[in-house]
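Enquirer: File name run32.tsv; file contents TSV, C-alpha atoms; full text below.
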```tsv
chain	number	residue	atom	x	y	z
A	1	MET	CA	-94.45	39.58	-31.92
A	2	SER	CA	-93.64	42.49	-29.69
A	3	LEU	CA	-90.22	43.03	-28.20
A	4	ARG	CA	-88.83	45.87	-26.11
A	5	ALA	CA	-86.03	48.02	-27.48
A	6	SER	CA	-82.68	47.40	-25.80
A	7	THR	CA	-81.85	49.84	-23.02
A	8	SER	CA	-79.52	52.65	-24.02
A	9	GLN	CA	-76.25	52.99	-22.12
A	10	THR	CA	-73.68	55.75	-22.09
A	11	ILE	CA	-71.04	55.84	-24.81
A	12	GLY	CA	-68.48	56.43	-22.01
A	13	PRO	CA	-65.16	58.27	-22.18
A	14	PHE	CA	-63.41	55.86	-24.54
A	15	LEU	CA	-65.68	56.26	-27.59
A	16	ARG	CA	-62.75	57.25	-29.77
A	17	ILE	CA	-61.48	53.65	-29.80
A	18	GLY	CA	-64.63	52.42	-31.50
A	19	LEU	CA	-65.76	55.44	-33.50
A	20	GLU	CA	-62.63	57.19	-34.73
A	21	TRP	CA	-62.25	54.99	-37.84
A	22	MET	CA	-65.32	56.65	-39.36
A	23	VAL	CA	-64.89	60.33	-38.58
A	24	ILE	CA	-66.56	62.12	-41.51
A	25	GLU	CA	-66.17	65.89	-41.34
A	26	GLU	CA	-66.32	66.45	-45.12
A	27	LEU	CA	-69.77	65.27	-46.16
A	28	ALA	CA	-69.95	66.42	-49.76
A	29	PRO	CA	-67.97	64.62	-52.46
A	30	ALA	CA	-66.33	66.87	-55.07
A	31	GLY	CA	-69.16	66.61	-57.58
A	32	ALA	CA	-72.11	67.04	-55.22
A	33	ALA	CA	-74.47	69.83	-56.19
A	34	GLY	CA	-75.43	72.54	-53.73
A	35	GLU	CA	-74.29	75.51	-51.73
A	36	ARG	CA	-71.20	74.60	-49.71
A	37	PHE	CA	-70.60	75.79	-46.17
A	38	SER	CA	-68.64	74.95	-43.05
A	39	ILE	CA	-70.21	74.64	-39.62
A	40	GLU	CA	-68.23	74.63	-36.40
A	41	GLY	CA	-69.09	74.82	-32.76
A	42	ARG	CA	-68.37	73.68	-29.24
A	43	VAL	CA	-70.13	71.46	-26.75
A	44	ILE	CA	-70.31	73.13	-23.32
A	45	ASP	CA	-71.40	71.50	-20.03
A	46	GLY	CA	-73.30	72.90	-17.05
A	47	ASP	CA	-70.11	74.41	-15.58
A	48	GLY	CA	-69.36	76.19	-18.86
A	49	LYS	CA	-66.52	73.76	-19.51
A	50	PRO	CA	-65.81	72.27	-22.94
A	51	VAL	CA	-66.88	68.65	-23.43
A	52	ASN	CA	-63.87	66.95	-24.97
A	53	ASP	CA	-65.38	63.47	-25.28
A	54	ALA	CA	-68.53	63.94	-27.36
A	55	ALA	CA	-69.49	62.43	-30.70
A	56	VAL	CA	-71.58	64.77	-32.86
A	57	GLU	CA	-73.35	63.11	-35.79
A	58	LEU	CA	-75.17	64.84	-38.66
A	59	TRP	CA	-77.86	63.49	-40.91
A	60	GLN	CA	-79.12	65.56	-43.81
A	61	ALA	CA	-80.73	65.53	-47.23
A	62	ASN	CA	-78.96	66.53	-50.43
A	63	SER	CA	-79.58	69.87	-52.10
A	64	GLN	CA	-82.71	68.45	-53.74
A	65	GLY	CA	-84.22	67.42	-50.40
A	66	GLU	CA	-83.54	63.69	-50.92
A	67	TYR	CA	-82.16	61.48	-48.17
A	68	ALA	CA	-79.50	58.80	-48.77
A	69	SER	CA	-79.13	59.58	-52.45
A	70	PRO	CA	-76.38	57.63	-54.23
A	71	ASP	CA	-74.27	60.75	-54.88
A	72	PHE	CA	-74.61	62.23	-51.40
A	73	ARG	CA	-74.96	60.02	-48.33
A	74	GLY	CA	-75.49	62.91	-45.94
A	75	PHE	CA	-73.95	61.40	-42.81
A	76	GLY	CA	-71.22	63.08	-40.77
A	77	ARG	CA	-69.43	62.31	-37.51
A	78	SER	CA	-67.06	64.60	-35.62
A	79	LEU	CA	-65.44	63.81	-32.24
A	80	THR	CA	-64.88	66.87	-30.07
A	81	ASP	CA	-61.33	68.01	-29.30
A	82	ASP	CA	-59.90	69.42	-26.07
A	83	ALA	CA	-61.68	72.72	-26.71
A	84	GLY	CA	-64.98	70.84	-27.04
A	85	ALA	CA	-65.00	71.74	-30.74
A	86	PHE	CA	-66.52	69.84	-33.64
A	87	ARG	CA	-66.58	70.80	-37.34
A	88	PHE	CA	-68.15	69.80	-40.65
A	89	ARG	CA	-68.02	70.90	-44.27
A	90	THR	CA	-71.13	70.08	-46.26
A	91	ILE	CA	-73.83	71.43	-48.55
A	92	LYS	CA	-77.06	73.13	-47.65
A	93	PRO	CA	-79.86	70.55	-47.73
A	94	GLY	CA	-83.04	71.12	-49.72
A	95	ARG	CA	-86.47	71.19	-48.14
A	96	VAL	CA	-88.03	67.87	-47.15
A	97	PRO	CA	-91.66	67.04	-46.37
A	98	GLY	CA	-92.86	67.38	-42.80
A	99	PRO	CA	-96.10	66.59	-40.99
A	100	HIS	CA	-99.31	67.06	-42.99
A	101	GLY	CA	-97.34	67.35	-46.22
A	102	LYS	CA	-95.98	70.75	-45.29
A	103	LEU	CA	-92.39	71.36	-46.39
A	104	GLN	CA	-89.81	71.79	-43.65
A	105	ALA	CA	-87.15	74.50	-43.67
A	106	PRO	CA	-83.64	73.25	-44.55
A	107	HIS	CA	-82.12	71.62	-41.48
A	108	LEU	CA	-79.50	69.19	-40.22
A	109	ALA	CA	-80.58	66.41	-37.85
A	110	VAL	CA	-78.04	66.11	-35.02
A	111	THR	CA	-77.39	63.20	-32.64
A	112	ILE	CA	-74.96	63.68	-29.77
A	113	PHE	CA	-73.34	61.08	-27.52
A	114	MET	CA	-70.99	61.59	-24.58
A	115	ARG	CA	-69.95	60.33	-21.18
A	116	GLY	CA	-72.62	61.44	-18.73
A	117	LEU	CA	-75.45	60.89	-21.20
A	118	LEU	CA	-77.27	57.59	-20.69
A	119	LYS	CA	-78.93	58.10	-24.07
A	120	GLN	CA	-78.26	60.37	-27.01
A	121	LEU	CA	-79.34	63.96	-27.32
A	122	VAL	CA	-81.30	64.75	-30.48
A	123	THR	CA	-81.50	68.26	-31.86
A	124	ARG	CA	-81.52	70.18	-35.16
A	125	VAL	CA	-79.62	72.99	-36.85
A	126	TYR	CA	-81.48	75.50	-39.01
A	127	PHE	CA	-79.97	78.16	-41.26
A	128	PRO	CA	-79.77	81.89	-40.59
A	129	ASP	CA	-81.49	84.28	-43.02
A	130	GLU	CA	-83.80	81.49	-44.13
A	131	PRO	CA	-87.37	82.73	-44.74
A	132	ALA	CA	-88.76	79.17	-44.51
A	133	ASN	CA	-87.81	79.01	-40.81
A	134	ALA	CA	-90.86	81.11	-39.93
A	135	ASP	CA	-93.25	78.35	-41.10
A	136	ASP	CA	-91.19	75.30	-40.17
A	137	PRO	CA	-93.53	72.78	-38.50
A	138	VAL	CA	-90.88	71.50	-36.08
A	139	LEU	CA	-89.30	74.85	-35.20
A	140	ASN	CA	-92.78	76.11	-34.42
A	141	LEU	CA	-93.17	73.42	-31.75
A	142	VAL	CA	-90.30	75.05	-29.85
A	143	PRO	CA	-91.10	77.90	-27.42
A	144	ALA	CA	-90.38	81.12	-29.34
A	145	GLU	CA	-87.79	82.37	-26.84
A	146	ARG	CA	-85.71	79.19	-27.26
A	147	ARG	CA	-85.81	78.85	-31.07
A	148	ALA	CA	-82.60	80.80	-31.60
A	149	THR	CA	-80.63	77.92	-30.02
A	150	LEU	CA	-81.45	75.83	-33.10
A	151	VAL	CA	-80.39	78.43	-35.68
A	152	ALA	CA	-76.73	78.65	-36.68
A	153	ILE	CA	-74.91	81.99	-36.59
A	154	LYS	CA	-73.36	83.42	-39.74
A	155	LYS	CA	-69.60	83.92	-39.28
A	156	GLY	CA	-68.61	84.95	-42.79
A	157	ALA	CA	-69.00	83.78	-46.37
A	158	GLY	CA	-69.97	80.12	-46.25
A	159	ALA	CA	-69.13	79.78	-42.56
A	160	LEU	CA	-71.60	79.02	-39.77
A	161	GLU	CA	-71.24	78.59	-36.04
A	162	TRP	CA	-73.57	76.53	-33.86
A	163	ASN	CA	-72.90	75.60	-30.25
A	164	VAL	CA	-74.36	72.91	-28.05
A	165	VAL	CA	-75.07	74.29	-24.58
A	166	LEU	CA	-76.05	71.39	-22.32
A	167	GLN	CA	-77.46	73.37	-19.40
A	168	GLY	CA	-78.35	76.80	-18.12
A	169	ARG	CA	-78.97	80.08	-19.89
A	170	ASN	CA	-79.21	79.53	-23.64
A	171	GLU	CA	-79.52	75.77	-23.11
A	172	THR	CA	-79.90	74.19	-26.54
A	173	VAL	CA	-83.32	72.77	-27.32
A	174	PHE	CA	-83.24	68.98	-27.27
A	175	PHE	CA	-86.01	66.77	-28.57
A	176	ASP	CA	-87.87	63.85	-27.07
A	177	PHE	CA	-87.38	61.63	-30.08
B	1	MET	CA	-98.71	62.66	-49.46
B	2	LYS	CA	-98.62	59.42	-47.51
B	3	SER	CA	-98.27	59.74	-43.79
B	4	ILE	CA	-95.28	58.30	-42.00
B	5	ALA	CA	-95.67	55.56	-39.40
B	6	PRO	CA	-93.74	56.80	-36.38
B	7	TYR	CA	-91.40	54.70	-34.26
B	8	ARG	CA	-92.74	53.58	-30.90
B	9	ARG	CA	-92.04	55.64	-27.86
B	10	PRO	CA	-90.16	53.69	-25.15
B	11	TYR	CA	-92.01	51.42	-22.78
B	12	ARG	CA	-92.07	52.78	-19.26
B	13	ASP	CA	-88.90	52.33	-17.22
B	14	THR	CA	-87.03	50.56	-20.04
B	15	GLN	CA	-84.99	53.58	-21.14
B	16	PRO	CA	-82.93	55.79	-18.82
B	17	ASP	CA	-83.66	59.41	-18.01
B	18	TYR	CA	-80.92	61.92	-18.73
B	19	LEU	CA	-80.46	62.90	-15.08
B	20	PHE	CA	-79.43	59.97	-12.90
B	21	PRO	CA	-77.35	61.35	-10.01
B	22	ALA	CA	-75.97	57.93	-9.03
B	23	TYR	CA	-74.00	58.26	-12.28
B	24	ALA	CA	-72.27	61.49	-11.30
B	25	SER	CA	-71.37	62.72	-14.80
B	26	THR	CA	-75.06	63.12	-15.67
B	27	VAL	CA	-75.43	66.03	-13.23
B	28	LYS	CA	-73.63	68.62	-15.38
B	29	ARG	CA	-74.61	67.14	-18.73
B	30	ALA	CA	-78.30	66.24	-18.55
B	31	PRO	CA	-80.68	68.80	-20.10
B	32	THR	CA	-82.51	70.88	-17.48
B	33	GLN	CA	-85.14	72.43	-19.77
B	34	PRO	CA	-88.17	70.47	-20.98
B	35	LEU	CA	-87.61	68.35	-24.09
B	36	VAL	CA	-89.74	69.17	-27.14
B	37	VAL	CA	-91.59	66.15	-28.54
B	38	LEU	CA	-90.32	65.57	-32.07
B	39	PRO	CA	-92.74	64.35	-34.72
B	40	HIS	CA	-91.23	61.63	-36.90
B	41	THR	CA	-90.75	63.15	-40.34
B	42	LEU	CA	-88.62	61.94	-43.24
B	43	SER	CA	-85.63	63.41	-41.39
B	44	GLU	CA	-86.19	61.00	-38.49
B	45	VAL	CA	-87.21	57.82	-40.33
B	46	THR	CA	-84.32	57.68	-42.80
B	47	ALA	CA	-80.69	56.74	-42.06
B	48	PRO	CA	-77.33	56.37	-43.79
B	49	VAL	CA	-76.54	53.18	-45.66
B	50	PHE	CA	-73.12	51.68	-45.06
B	51	GLY	CA	-71.34	49.45	-47.54
B	52	TYR	CA	-69.13	46.42	-47.46
B	53	ASP	CA	-66.29	48.51	-48.91
B	54	GLU	CA	-66.12	50.33	-45.59
B	55	VAL	CA	-66.13	47.31	-43.29
B	56	LYS	CA	-63.66	44.50	-43.98
B	57	PRO	CA	-64.35	40.90	-42.90
B	58	GLY	CA	-61.32	40.94	-40.58
B	59	ASP	CA	-62.72	43.92	-38.67
B	60	ALA	CA	-64.95	41.52	-36.70
B	61	ASP	CA	-61.98	39.59	-35.26
B	62	LEU	CA	-60.36	41.66	-32.51
B	63	THR	CA	-57.82	38.91	-31.81
B	64	ARG	CA	-56.13	39.21	-35.22
B	65	GLN	CA	-55.35	42.89	-35.57
B	66	HIS	CA	-51.68	42.72	-34.53
B	67	PRO	CA	-48.67	40.48	-35.19
B	68	GLY	CA	-49.08	38.60	-31.90
B	69	GLU	CA	-52.03	37.13	-30.05
B	70	PRO	CA	-53.68	39.27	-27.38
B	71	LEU	CA	-53.57	38.05	-23.77
B	72	GLY	CA	-56.71	36.81	-22.09
B	73	GLU	CA	-59.61	34.50	-22.73
B	74	ARG	CA	-60.87	34.35	-26.32
B	75	ILE	CA	-64.65	34.63	-26.65
B	76	VAL	CA	-67.19	34.59	-29.48
B	77	VAL	CA	-69.86	37.30	-29.14
B	78	SER	CA	-72.77	36.84	-31.50
B	79	GLY	CA	-76.48	37.41	-31.78
B	80	ARG	CA	-79.23	38.95	-33.82
B	81	VAL	CA	-80.31	42.51	-34.32
B	82	LEU	CA	-84.12	42.78	-34.50
B	83	ASP	CA	-86.67	45.52	-34.22
B	84	GLU	CA	-89.52	45.62	-31.69
B	85	ASN	CA	-91.80	43.98	-34.24
B	86	GLY	CA	-89.47	40.97	-34.33
B	87	ARG	CA	-88.16	41.71	-37.81
B	88	PRO	CA	-84.48	41.03	-38.39
B	89	ALA	CA	-82.42	44.17	-39.03
B	90	PRO	CA	-80.05	43.43	-41.94
B	91	ASN	CA	-77.07	45.53	-43.02
B	92	VAL	CA	-76.83	47.30	-39.66
B	93	LEU	CA	-73.43	48.82	-38.92
B	94	VAL	CA	-72.34	47.53	-35.50
B	95	GLU	CA	-69.28	49.12	-33.89
B	96	ILE	CA	-67.82	47.71	-30.66
B	97	TRP	CA	-65.01	48.76	-28.32
B	98	GLN	CA	-63.79	47.45	-25.00
B	99	ALA	CA	-61.02	47.20	-22.39
B	100	ASN	CA	-58.37	44.50	-22.67
B	101	ALA	CA	-58.20	41.42	-20.44
B	102	ALA	CA	-56.51	43.46	-17.69
B	103	GLY	CA	-59.28	46.07	-17.65
B	104	ARG	CA	-57.30	48.76	-19.49
B	105	TYR	CA	-58.44	50.75	-22.52
B	106	ASN	CA	-56.02	51.61	-25.28
B	107	HIS	CA	-56.84	55.31	-24.85
B	108	ARG	CA	-54.86	58.32	-23.60
B	109	VAL	CA	-57.36	59.25	-20.89
B	110	ASP	CA	-57.35	55.78	-19.29
B	111	GLN	CA	-54.87	56.07	-16.41
B	112	HIS	CA	-55.80	52.81	-14.67
B	113	ASP	CA	-52.65	51.06	-13.44
B	114	ALA	CA	-53.03	47.93	-15.55
B	115	PRO	CA	-50.98	46.93	-18.57
B	116	ILE	CA	-51.72	47.91	-22.16
B	117	ASP	CA	-51.68	44.85	-24.43
B	118	PRO	CA	-49.67	45.71	-27.57
B	119	ASN	CA	-51.63	43.03	-29.42
B	120	PHE	CA	-55.08	44.32	-28.56
B	121	THR	CA	-56.69	47.56	-29.74
B	122	GLY	CA	-60.18	46.62	-28.58
B	123	ALA	CA	-62.19	47.95	-31.56
B	124	GLY	CA	-64.28	45.99	-34.06
B	125	ARG	CA	-67.09	46.49	-36.53
B	126	LEU	CA	-69.27	44.65	-38.99
B	127	LEU	CA	-72.53	44.77	-40.92
B	128	THR	CA	-75.31	42.38	-39.90
B	129	ASP	CA	-76.25	39.76	-42.49
B	130	ALA	CA	-79.62	39.36	-44.21
B	131	GLN	CA	-81.06	37.70	-41.06
B	132	GLY	CA	-79.74	40.45	-38.80
B	133	GLN	CA	-77.04	38.17	-37.41
B	134	TYR	CA	-73.58	39.23	-36.30
B	135	ARG	CA	-70.49	37.54	-34.85
B	136	PHE	CA	-67.35	38.97	-33.26
B	137	MET	CA	-64.26	37.14	-32.03
B	138	THR	CA	-62.64	38.98	-29.15
B	139	ILE	CA	-61.10	38.76	-25.66
B	140	ARG	CA	-63.12	38.79	-22.48
B	141	PRO	CA	-62.66	42.34	-21.10
B	142	GLY	CA	-61.51	42.87	-17.51
B	143	GLU	CA	-63.33	44.81	-14.81
B	144	TYR	CA	-61.79	48.15	-13.88
B	145	PRO	CA	-62.10	50.93	-11.28
B	146	TRP	CA	-63.58	54.33	-12.08
B	147	ARG	CA	-64.03	57.51	-10.07
B	148	ASN	CA	-67.81	57.78	-9.88
B	149	HIS	CA	-67.85	57.09	-6.12
B	150	HIS	CA	-65.57	55.54	-3.51
B	151	ASN	CA	-64.33	52.11	-4.60
B	152	ALA	CA	-66.38	52.14	-7.81
B	153	TRP	CA	-65.73	49.27	-10.25
B	154	ARG	CA	-67.33	48.69	-13.63
B	155	PRO	CA	-68.52	45.17	-14.40
B	156	ALA	CA	-66.91	43.62	-17.46
B	157	HIS	CA	-68.63	45.01	-20.56
B	158	ILE	CA	-68.39	45.62	-24.29
B	159	HIS	CA	-69.64	48.89	-25.81
B	160	PHE	CA	-71.97	48.56	-28.82
B	161	SER	CA	-73.03	51.26	-31.30
B	162	LEU	CA	-75.70	50.46	-33.91
B	163	PHE	CA	-77.34	52.23	-36.83
B	164	GLY	CA	-80.77	51.15	-38.03
B	165	GLN	CA	-82.96	52.09	-40.96
B	166	ALA	CA	-84.06	55.28	-39.18
B	167	ILE	CA	-81.89	57.79	-37.40
B	168	VAL	CA	-84.25	57.53	-34.39
B	169	GLN	CA	-83.30	53.83	-34.11
B	170	ARG	CA	-79.69	54.76	-33.42
B	171	LEU	CA	-78.59	52.87	-30.30
B	172	VAL	CA	-75.50	52.92	-28.12
B	173	THR	CA	-75.50	50.32	-25.38
B	174	GLN	CA	-73.28	47.95	-23.40
B	175	MET	CA	-73.18	44.16	-23.16
B	176	TYR	CA	-72.51	42.56	-19.78
B	177	PHE	CA	-71.53	39.02	-18.76
B	178	PRO	CA	-73.77	36.57	-16.89
B	179	GLY	CA	-73.15	36.12	-13.18
B	180	ASP	CA	-70.99	39.23	-12.78
B	181	PRO	CA	-71.22	40.15	-9.07
B	182	LEU	CA	-70.49	43.83	-9.86
B	183	LEU	CA	-73.68	44.35	-11.87
B	184	GLU	CA	-75.95	45.23	-8.95
B	185	TYR	CA	-73.50	47.92	-7.78
B	186	ASP	CA	-73.09	49.56	-11.18
B	187	PRO	CA	-75.08	52.79	-11.70
B	188	MET	CA	-75.02	52.33	-15.46
B	189	PHE	CA	-76.50	48.85	-15.29
B	190	THR	CA	-79.07	49.97	-12.71
B	191	CYS	CA	-80.04	53.18	-14.56
B	192	VAL	CA	-83.49	51.83	-15.50
B	193	ALA	CA	-86.14	50.64	-13.04
B	194	ASP	CA	-87.31	47.68	-15.16
B	195	GLU	CA	-85.28	44.68	-14.06
B	196	LYS	CA	-86.15	42.69	-17.18
B	197	ALA	CA	-84.86	45.53	-19.35
B	198	ARG	CA	-81.57	45.52	-17.44
B	199	ASN	CA	-81.20	41.81	-17.72
B	200	ARG	CA	-81.56	41.99	-21.49
B	201	LEU	CA	-78.18	43.74	-21.46
B	202	VAL	CA	-76.60	40.57	-20.02
B	203	ALA	CA	-75.34	38.10	-22.63
B	204	ALA	CA	-76.03	34.38	-22.26
B	205	LEU	CA	-73.45	31.63	-22.35
B	206	ASP	CA	-74.08	29.90	-25.67
B	207	TRP	CA	-72.95	26.33	-26.40
B	208	GLU	CA	-74.09	26.68	-30.03
B	209	THR	CA	-71.38	29.21	-30.79
B	210	THR	CA	-68.77	27.94	-28.33
B	211	LEU	CA	-65.76	26.62	-30.23
B	212	PRO	CA	-64.49	23.43	-28.54
B	213	GLU	CA	-61.02	23.83	-27.05
B	214	TYR	CA	-60.83	27.40	-28.40
B	215	ALA	CA	-63.38	29.98	-27.21
B	216	LEU	CA	-66.57	30.24	-25.13
B	217	GLY	CA	-69.57	31.70	-26.93
B	218	TYR	CA	-71.83	34.44	-25.61
B	219	ARG	CA	-75.14	35.34	-27.21
B	220	PHE	CA	-76.36	38.93	-27.15
B	221	ASP	CA	-79.48	39.87	-29.10
B	222	ILE	CA	-80.16	43.55	-29.63
B	223	VAL	CA	-83.57	45.13	-30.25
B	224	LEU	CA	-83.95	48.45	-32.08
B	225	ARG	CA	-87.11	50.55	-31.92
B	226	GLY	CA	-89.94	49.33	-34.14
B	227	ARG	CA	-92.55	51.22	-36.07
B	228	GLU	CA	-96.12	51.59	-35.01
B	229	ALA	CA	-98.40	49.37	-37.09
B	230	THR	CA	-100.33	52.33	-38.43
B	231	PRO	CA	-99.76	56.07	-38.31
B	232	MET	CA	-101.23	57.83	-35.30
B	233	GLU	CA	-101.84	54.66	-33.30
B	234	SER	CA	-101.57	55.65	-29.66
B	235	ARG	CA	-99.82	53.45	-27.20
B	236	ARG	CA	-99.36	53.49	-23.45
```
Could I get this file's structure written as structure tokens?
Expert:
Amino acid sequence: MSLRASTSQTIGPFLRIGLEWMVIEELAPAGAAGERFSIEGRVIDGDGKPVNDAAVELWQANSQGEYASPDFRGFGRSLTDDAGAFRFRTIKPGRVPGPHGKLQAPHLAVTIFMRGLLKQLVTRVYFPDEPANADDPVLNLVPAERRATLVAIKKGAGALEWNVVLQGRNETVFFDF
Amino acid sequence: MKSIAPYRRPYRDTQPDYLFPAYASTVKRAPTQPLVVLPHTLSEVTAPVFGYDEVKPGDADLTRQHPGEPLGERIVVSGRVLDENGRPAPNVLVEIWQANAAGRYNHRVDQHDAPIDPNFTGAGRLLTDAQGQYRFMTIRPGEYPWRNHHNAWRPAHIHFSLFGQAIVQRLVTQMYFPGDPLLEYDPMFTCVADEKARNRLVAALDWETTLPEYALGYRFDIVLRGREATPMESRR
């Protein structure tokens, strides 16, 4: 039996009605092991204007590199505010296997929905000062001059910044998923 | 280590492109640089698990969330969530939201001159059962104008958001109603070239789920991406 996946449609401007009940900006329960950090950023459109109606969702492994473990689900959802800003507090994920059994560098998988997108954008966040980035099998698929758009910026102790630039100079790398 | 069977890439013309100028908001939001093809690793083929403690049984009945009854025509919206291989998708979190019977959203940015219904929020959610089945009780949403182009009107629709067993199965879509004369003028409905794909977004009137003297039933089956049978199988 072979069916065709349903056609994606935009989330539209009124996503908050359906999605706000499950905003999860604190991903790590009190007891979860790992290095804690905050990550904040803005979503910016092709006119340089903030996108105030986006949903930004994170998916990540726990500090041991395990997905969906009972003590750390690893899912987050933030809805952007009038400044286009989203924010999460979580723990740094461990390394997970990639293609050909090679370990990937620690990363967050990001899915973004908004009015004006007929389907989601898929991207990733990597960590600054992370030696494993140099050998990451996915990061290495990205043209070298654009890789920096996938690496968060250190803003202080335990604080990262990462912005989503939809178009133009410094346009964030998005994946065909 | 064992290799991971990837999820199928979309069939031609069944999924929209990012840039679709007839839908004006895509112009400043669609990526302009080439996309990078993402291999499906553990990060792509896993997904969060949601529990019954998060979703309450009453969350699937949008007509019983306030002291009074909402205005409009009650409808039952139900169906199955499957993957492309025809397997039912159990325990899928389905979130829906919609306008009220007058075509007005309960949202601060909706300025359409139509009444808010104090007895209708327009949000629901549930988890699919072991057979992938779901059922909502709601109100038939109204059509409403939007500012995409002169005299633009959206056909009646319900927004759906679904999680699967893989983050790459994540789907946000819209359900439309059969026979709606606005469909052919709607740039969201017409965003894909494949007419069959579009028509799968239109629910069917369903006597099986229609409740006599209470509510018409509409059936809307949803298909999530399926896995390739074996790793590395190529498909056109």
Enquirer: Of the residues B:Val27, B:Ala101, B:Leu35, B:Ala123, which is the one nearest to Trp21 of chain A, using all atoms listed in the file?
Expert: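 Checking each candidate against Trp21 of chain A, we get B:Ala123 as the closest.
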Enquirer: Can you tell me, as a compact mmCIF listing (two decimals) with C-alpha atoms, keeping the file's coordinate frame, what residues are no more than 12 Å from Gly156 of chain A when counting all atoms listed in the file, ignoring any on the same chain fewer than 2 positions away?
Expert:
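Saved file around_20.txt follows:
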```txt
# COMPACT_ATOMS: atom_id res chain seq x y z
CA PHE A 37 -70.60 75.79 -46.17
CA SER A 38 -68.64 74.95 -43.05
CA ILE A 39 -70.21 74.64 -39.62
CA PRO A 128 -79.77 81.89 -40.59
CA ALA A 152 -76.73 78.65 -36.68
CA ILE A 153 -74.91 81.99 -36.59
CA LYS A 154 -73.36 83.42 -39.74
CA GLY A 158 -69.97 80.12 -46.25
CA ALA A 159 -69.13 79.78 -42.56
CA LEU A 160 -71.60 79.02 -39.77
CA GLU A 161 -71.24 78.59 -36.04
```
Enquirer: Need to verify the contact set: Ser8 of chain A, 7 Å, all atoms listed in the file, exclusion of same-chain residues closer than 5 positions in sequence. Can you return it as a PDB file with C-alpha atoms, in the coordinates of the input?
Expert:
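See out.pdb below for the written result:
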```pdb
ATOM      1  CA  LEU A 118     -77.270  57.590 -20.690  1.00  0.00           C
ATOM      2  CA  LYS A 119     -78.930  58.100 -24.070  1.00  0.00           C
TER       3      LYS A 119
ATOM      4  CA  GLN B  15     -84.990  53.580 -21.140  1.00  0.00           C
ATOM      5  CA  PRO B  16     -82.930  55.790 -18.820  1.00  0.00           C
ATOM      6  CA  LEU B 171     -78.590  52.870 -30.300  1.00  0.00           C
ATOM      7  CA  VAL B 172     -75.500  52.920 -28.120  1.00  0.00           C
ATOM      8  CA  THR B 173     -75.500  50.320 -25.380  1.00  0.00           C
TER       9      THR B 173
END
```
Enquirer: Give me, please, the distance in Å between atom CA of Gly142 of chain B and atom CA of Ala114 of chain B, quoted to one decimal.
Expert: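 Those two atoms sit 10.1 Å apart.
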Enquirer: Residues of segment 12-121 of chain B that approach segment 186-190 of chain B to 10 Å or less, counting all atoms listed in the file: could you list each one with the shortest pair of atoms and its distance in Å to one decimal, rows by chain and increasing residue number, as JSON lines?
Expert:
```
{"residue": "B:Pro16", "atom": "CA", "partner": "B:Met188", "partner_atom": "CA", "distance": 9.3}
{"residue": "B:Phe20", "atom": "CA", "partner": "B:Pro187", "partner_atom": "CA", "distance": 8.5}
{"residue": "B:Pro21", "atom": "CA", "partner": "B:Pro187", "partner_atom": "CA", "distance": 9.0}
{"residue": "B:Ala22", "atom": "CA", "partner": "B:Pro187", "partner_atom": "CA", "distance": 5.9}
{"residue": "B:Tyr23", "atom": "CA", "partner": "B:Pro187", "partner_atom": "CA", "distance": 5.6}
{"residue": "B:Ala24", "atom": "CA", "partner": "B:Pro187", "partner_atom": "CA", "distance": 9.2}
```
Enquirer: Generate a file of the selected residues that holds C-alpha atoms, formatted as an mmCIF file, keeping the file's coordinate frame.
Expert:
```cif
data_model
loop_
_atom_site.group_PDB
_atom_site.id
_atom_site.type_symbol
_atom_site.label_atom_id
_atom_site.label_comp_id
_atom_site.auth_asym_id
_atom_site.auth_seq_id
_atom_site.Cartn_x
_atom_site.Cartn_y
_atom_site.Cartn_z
ATOM 1 C CA PRO B 16 -82.930 55.790 -18.820
ATOM 2 C CA PHE B 20 -79.430 59.970 -12.900
ATOM 3 C CA PRO B 21 -77.350 61.350 -10.010
ATOM 4 C CA ALA B 22 -75.970 57.930 -9.030
ATOM 5 C CA TYR B 23 -74.000 58.260 -12.280
ATOM 6 C CA ALA B 24 -72.270 61.490 -11.300
#
```
Enquirer: Select residues of chain A: the criterion is any atom within 8 Å of an atom of chain B, counting all atoms listed in the file; output as a PyMOL selection string.
Expert: chain A and resi 1-11+13-19+45-47+59-61+67-68+73-75+96-101+109+115-119+138+141-142+166-168+171+173-177
Enquirer: Residues at most 6 Å from Thr80 of chain A, counting only C-alpha atoms, excluding those fewer than 2 positions away in the same chain, as a VMD selection string?
Expert: chain A and resid 52 to 54 84 to 86
Enquirer: Take the selection from the previous step and output its residues with C-alpha atoms, as an mmCIF file, in the coordinates of the input.
Expert:
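File produced: part12.cif:
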```cif
data_model
loop_
_atom_site.group_PDB
_atom_site.id
_atom_site.type_symbol
_atom_site.label_atom_id
_atom_site.label_comp_id
_atom_site.auth_asym_id
_atom_site.auth_seq_id
_atom_site.Cartn_x
_atom_site.Cartn_y
_atom_site.Cartn_z
ATOM 1 C CA ASN A 52 -63.870 66.950 -24.970
ATOM 2 C CA ASP A 53 -65.380 63.470 -25.280
ATOM 3 C CA ALA A 54 -68.530 63.940 -27.360
ATOM 4 C CA GLY A 84 -64.980 70.840 -27.040
ATOM 5 C CA ALA A 85 -65.000 71.740 -30.740
ATOM 6 C CA PHE A 86 -66.520 69.840 -33.640
#
```
Enquirer: Give me, as a count of residues only, all polymer residues having an atom no more than 8 Å from Ala89 of chain B, counting all atoms listed in the file and skipping those fewer than 5 positions away in the same chain.
Expert: 8
Enquirer: Between atom CA of Asp129 of chain A and atom CA of Phe113 of chain A, what is the distance in Å, rounded to a tenth?
Expert: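 Between these atoms lies a distance of 29.1 Å.
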